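Quick look at data36.cif (mmCIF, C-alpha atoms):
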data_run
loop_
_atom_site.label_atom_id
_atom_site.label_comp_id
_atom_site.auth_asym_id
_atom_site.auth_seq_id
_atom_site.Cartn_x
_atom_site.Cartn_y
_atom_site.Cartn_z
CA MET G 11 -31.28 -8.01 -28.77
CA VAL G 12 -27.81 -6.54 -28.94
CA GLU G 13 -27.09 -3.12 -30.42
CA GLU G 14 -24.20 -0.73 -30.71
CA VAL G 15 -21.55 -3.44 -30.95
CA SER G 16 -17.89 -2.40 -30.96
CA SER G 17 -14.48 -3.59 -29.75
CA ASP G 18 -12.36 -2.12 -27.01
CA ARG G 19 -8.60 -1.62 -27.19
CA TYR G 20 -8.06 -5.18 -25.97
CA GLY G 21 -10.15 -6.64 -28.80
CA CYS G 22 -13.06 -7.54 -26.51
CA ILE G 23 -16.51 -7.10 -27.97
CA THR G 24 -18.67 -4.55 -26.17
CA ALA G 25 -22.35 -4.00 -26.76
CA GLN G 26 -25.52 -2.55 -25.33
CA ALA G 27 -28.18 -5.17 -24.65
CA TYR G 28 -31.94 -4.64 -24.78
CA VAL G 29 -34.97 -6.81 -24.07
CA SER G 30 -38.67 -6.26 -24.49
CA ASN G 31 -40.69 -6.22 -21.30
CA ALA G 32 -44.29 -7.40 -20.85
CA GLU G 33 -45.61 -4.15 -22.32
CA ALA G 34 -43.35 -4.63 -25.39
CA TYR G 35 -41.16 -1.68 -24.39
CA LYS G 36 -37.47 -1.90 -25.21
CA VAL G 37 -35.54 -2.03 -21.91
CA TRP G 38 -31.82 -1.24 -21.78
CA LEU G 39 -30.25 -3.94 -19.59
CA GLN G 40 -27.09 -2.09 -18.54
CA GLY G 41 -29.19 0.91 -17.50
CA GLU G 42 -31.55 -1.26 -15.48
CA LEU G 43 -28.70 -2.99 -13.66
CA LEU G 44 -27.07 0.34 -12.82
CA HIS G 45 -30.32 2.04 -11.84
CA ARG G 46 -31.19 -0.83 -9.47
CA GLY G 47 -27.74 -0.74 -7.90
CA LEU G 48 -26.83 -4.19 -9.15
CA ALA G 49 -23.72 -3.10 -11.05
CA PHE G 50 -21.16 -0.33 -11.31
CA ILE G 51 -19.27 1.15 -14.24
CA TYR G 52 -15.70 0.17 -14.98
CA PRO G 53 -14.97 2.03 -18.21
CA LEU G 54 -12.09 0.38 -20.05
CA THR G 55 -11.76 3.03 -22.73
CA GLY G 56 -13.84 6.03 -21.69
CA ASN G 57 -15.56 5.86 -25.08
CA GLU G 58 -18.18 3.29 -24.17
CA THR G 59 -21.53 3.73 -25.84
CA ARG G 60 -24.04 5.48 -23.56
CA LEU G 61 -21.38 6.20 -20.91
CA ASP G 62 -23.12 9.42 -19.83
CA ASP G 63 -26.40 7.50 -19.42
CA MET G 64 -24.59 4.81 -17.41
CA ARG G 65 -23.01 7.44 -15.15
CA ALA G 66 -26.39 9.07 -14.57
CA ALA G 67 -28.02 5.74 -13.64
CA GLU G 68 -25.14 4.83 -11.33
CA THR G 69 -25.28 8.26 -9.68
CA VAL G 70 -29.00 7.93 -8.93
CA ALA G 71 -28.46 4.50 -7.36
CA ARG G 72 -25.40 5.70 -5.42
CA ARG G 73 -27.20 8.74 -3.97
CA SER G 74 -30.23 6.70 -2.94
CA ARG G 75 -28.00 3.90 -1.57
CA THR G 76 -29.84 1.39 -3.74
CA GLY G 77 -28.49 -2.16 -4.08
CA ILE G 78 -24.72 -2.43 -3.74
CA TRP G 79 -24.49 1.28 -2.89
CA GLY G 80 -26.07 0.54 0.49
CA GLU G 81 -23.14 -1.76 1.34
CA ASP G 82 -19.96 -0.51 3.01
CA ALA G 83 -17.84 -2.47 0.50
CA TYR G 84 -18.89 -0.05 -2.26
CA ALA G 85 -18.67 3.18 -0.29
CA ASP G 86 -16.00 5.69 -1.22
CA ILE G 87 -12.73 5.20 0.62
CA SER G 88 -10.93 8.34 1.71
CA ALA G 89 -7.65 8.78 -0.17
CA ASP G 90 -5.77 8.86 3.13
CA LYS G 91 -7.21 5.50 4.26
CA VAL G 92 -6.33 3.19 1.34
CA SER G 93 -3.05 1.81 2.68
CA GLY G 94 -3.30 -1.97 3.07
CA ARG G 95 -6.28 -2.32 0.72
CA TYR G 96 -4.19 -3.63 -2.12
CA GLY G 97 -5.56 -5.92 -4.79
CA ARG G 98 -9.14 -4.68 -4.63
CA PHE G 99 -11.27 -2.56 -6.87
CA ALA G 100 -12.31 0.60 -5.07
CA PHE G 101 -13.88 4.02 -5.34
CA VAL G 102 -11.47 6.46 -3.70
CA SER G 103 -12.13 10.14 -3.14
CA GLY G 104 -10.25 13.07 -1.71
CA VAL G 105 -8.89 16.55 -2.27
CA VAL G 106 -5.94 16.65 -4.66
CA LEU G 107 -2.79 18.02 -3.01
CA ASP G 108 -0.79 18.28 -6.23
CA ALA G 109 -0.12 16.72 -9.61
CA LYS G 110 3.24 16.37 -11.32
CA ARG G 111 4.58 15.07 -14.60
CA VAL G 112 7.62 12.87 -14.13
CA LYS G 113 9.16 11.31 -17.23
CA GLY G 114 6.37 9.32 -18.94
CA MET G 115 3.81 9.60 -16.13
CA VAL G 116 1.52 12.07 -14.41
CA TYR G 117 1.14 11.50 -10.68
CA ILE G 118 -1.80 12.91 -8.74
CA HIS G 119 -1.18 13.04 -4.99
CA PHE G 120 -3.67 13.33 -2.15
CA GLY G 121 -1.21 13.69 0.71
CA GLU G 122 2.40 14.34 1.63
CA ASP G 123 3.06 10.71 2.60
CA TRP G 124 2.99 8.72 -0.64
CA ARG G 125 3.46 5.49 1.32
CA GLU G 126 0.09 5.97 3.05
CA ASN G 127 -1.97 8.28 0.80
CA LEU G 128 -3.25 7.32 -2.62
CA THR G 129 -1.44 8.28 -5.79
CA ILE G 130 -3.14 8.18 -9.17
CA ALA G 131 -0.82 7.36 -12.06
CA ILE G 132 -1.61 8.30 -15.67
CA ALA G 133 0.72 7.43 -18.54
CA THR G 134 1.48 10.44 -20.73
CA ARG G 135 0.36 8.40 -23.77
CA ASP G 136 -3.17 8.48 -22.27
CA LEU G 137 -3.26 12.27 -21.78
CA ARG G 138 -4.83 12.94 -25.18
CA ALA G 139 -8.05 11.27 -24.04
CA PHE G 140 -8.06 13.56 -20.99
CA ARG G 141 -7.58 16.64 -23.18
CA ASP G 142 -10.42 15.44 -25.43
CA ALA G 143 -12.61 15.15 -22.30
CA HIS G 144 -11.57 18.67 -21.17
CA ILE G 145 -9.78 17.36 -18.09
CA ASP G 146 -6.25 18.48 -17.31
CA PRO G 147 -4.83 16.06 -14.73
CA LEU G 148 -2.09 18.60 -13.94
CA ASN G 149 -4.74 21.17 -13.00
CA LEU G 150 -6.68 19.18 -10.37
CA LYS G 151 -4.99 20.71 -7.30
CA GLY G 152 -7.59 21.65 -4.69
CA LYS G 153 -10.39 19.72 -6.39
CA THR G 154 -12.25 16.86 -4.79
CA ILE G 155 -12.24 13.89 -7.13
CA ARG G 156 -13.31 10.26 -7.13
CA ALA G 157 -11.17 7.66 -8.88
CA ARG G 158 -12.25 4.12 -9.63
CA GLY G 159 -9.86 1.29 -10.22
CA TRP G 160 -7.65 -1.40 -8.76
CA ILE G 161 -5.48 -0.42 -5.81
CA LYS G 162 -1.98 -1.75 -6.23
CA HIS G 163 1.14 -1.33 -4.14
CA ASP G 164 3.95 0.67 -5.72
CA ILE G 165 5.84 3.06 -3.43
CA GLY G 166 2.49 3.22 -1.66
CA PRO G 167 -1.16 2.76 -2.67
CA MET G 168 -1.73 3.58 -6.34
CA ILE G 169 -4.50 3.41 -8.92
CA THR G 170 -3.44 3.46 -12.55
CA VAL G 171 -5.97 5.42 -14.58
CA THR G 172 -6.06 4.81 -18.33
CA ASN G 173 -8.95 7.06 -19.33
CA PRO G 174 -10.83 10.10 -18.03
CA ALA G 175 -14.00 8.13 -17.29
CA GLN G 176 -12.21 6.66 -14.27
CA ILE G 177 -12.08 10.10 -12.64
CA GLU G 178 -15.03 12.22 -11.53
CA ILE G 179 -14.52 15.80 -10.41
CA LEU G 180 -16.87 16.15 -7.45
CA GLU G 181 -16.24 19.74 -6.32
CA THR G 182 -13.67 22.51 -6.16
CA HIS G 183 -12.39 23.99 -2.90
#

As structure tokens, what does this structure read like?
Amino acid sequence: MVEEVSSDRYGCITAQAYVSNAEAYKVWLQGELLHRGLAFIYPLTGNETRLDDMRAAETVARRSRTGIWGEDAYADISADKVSGRYGRFAFVSGVVLDAKRVKGMVYIHFGEDWRENLTIAIATRDLRAFRDAHIDPLNLKGKTIRARGWIKHDIGPMITVTNPAQIEILETH
């Protein structure tokens, strides 16, 4: 059965799927896949139904190295080691060196050398969603964060973040 059907900003239909198990209990499929380490979250909007539940299930699997989380391909990449990993989806973490607003973008830097260290780019049109999530991208200096997304080559390695669900604040230094 499918519940909680909606559309994302691209017009794609999103839904939460459930099945009944042998004991006639309703089982949430996305949660099961995440809990067993058979999937990861790639939030397109940051407003996905049950996003907090999905994050919790993914976190449990990640910490216990269950399923894909036991494989090196899904391990966090240090923000200073992403150069040359273009064209792949990755989980990248590091301590934010600074964040600056330049014209229509916010750039979050992890190192002095932008050709080698990751930069996260956020369009200013997307900042409202960050404010609504109580995250100020310009106030992340000194915090350890994890970003998820596609690494592309711009001036150097870059992940374009379109919503706050792509960033996790891990700790503050």

Pick out the residues sitting within 7 Å of Arg158 of chain G, and hand them over as number ranges by chain; count only C-alpha atoms, and ignore anything fewer than 6 positions along from it in its own chain.
G: 100-102, 176-177

Selected by the PyMOL selection byres ((chain G and resi 70) around 12) in the shown coordinates: which residues, as a PDB file with C-alpha atoms, keeping the file's coordinate frame?
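Listing of selection.pdb after writing:
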ATOM      1  CA  GLY G  41     -29.190   0.910 -17.500  1.00  0.00           C
ATOM      2  CA  GLU G  42     -31.550  -1.260 -15.480  1.00  0.00           C
ATOM      3  CA  LEU G  43     -28.700  -2.990 -13.660  1.00  0.00           C
ATOM      4  CA  LEU G  44     -27.070   0.340 -12.820  1.00  0.00           C
ATOM      5  CA  HIS G  45     -30.320   2.040 -11.840  1.00  0.00           C
ATOM      6  CA  ARG G  46     -31.190  -0.830  -9.470  1.00  0.00           C
ATOM      7  CA  GLY G  47     -27.740  -0.740  -7.900  1.00  0.00           C
ATOM      8  CA  PHE G  50     -21.160  -0.330 -11.310  1.00  0.00           C
ATOM      9  CA  ASP G  63     -26.400   7.500 -19.420  1.00  0.00           C
ATOM     10  CA  MET G  64     -24.590   4.810 -17.410  1.00  0.00           C
ATOM     11  CA  ARG G  65     -23.010   7.440 -15.150  1.00  0.00           C
ATOM     12  CA  ALA G  66     -26.390   9.070 -14.570  1.00  0.00           C
ATOM     13  CA  ALA G  67     -28.020   5.740 -13.640  1.00  0.00           C
ATOM     14  CA  GLU G  68     -25.140   4.830 -11.330  1.00  0.00           C
ATOM     15  CA  THR G  69     -25.280   8.260  -9.680  1.00  0.00           C
ATOM     16  CA  ALA G  71     -28.460   4.500  -7.360  1.00  0.00           C
ATOM     17  CA  ARG G  72     -25.400   5.700  -5.420  1.00  0.00           C
ATOM     18  CA  ARG G  73     -27.200   8.740  -3.970  1.00  0.00           C
ATOM     19  CA  SER G  74     -30.230   6.700  -2.940  1.00  0.00           C
ATOM     20  CA  ARG G  75     -28.000   3.900  -1.570  1.00  0.00           C
ATOM     21  CA  THR G  76     -29.840   1.390  -3.740  1.00  0.00           C
ATOM     22  CA  GLY G  77     -28.490  -2.160  -4.080  1.00  0.00           C
ATOM     23  CA  TRP G  79     -24.490   1.280  -2.890  1.00  0.00           C
TER      24      TRP G  79
END

Quick one: residues within 12 Å of segment 173-175 of chain G, all atoms listed in the file, excluding same-chain residues fewer than 6 positions away - as a ChimeraX atom specification?
/G:19,51-58,61-62,64-65,130-147,155-159

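In this model, the gap between atom CA of Met168 of chain G and atom CA of Gly114 of chain G comes to 16.0 Å.
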
Any chance you could work out the residue set of the PyMOL selection byres ((chain G and resi 89) around 12) here, as number ranges by chain?
G: 86-88, 90-93, 95, 100-107, 118-130, 154-158, 161, 166-169

Computed interatomic separation between atom CA of Arg111 of chain G and atom CA of Gly152 of chain G (Å)
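Atom CA of Arg111 of chain G sits 17.0 Å away from atom CA of Gly152 of chain G.
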
Residue IDs satisfying the PyMOL selection byres ((chain G and resi 39) around 8), as a PyMOL selection string
chain G and resi 26-29+37-38+40-43

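Here atom CA of Lys110 of chain G and atom CA of Leu150 of chain G stand 10.4 Å from one another.
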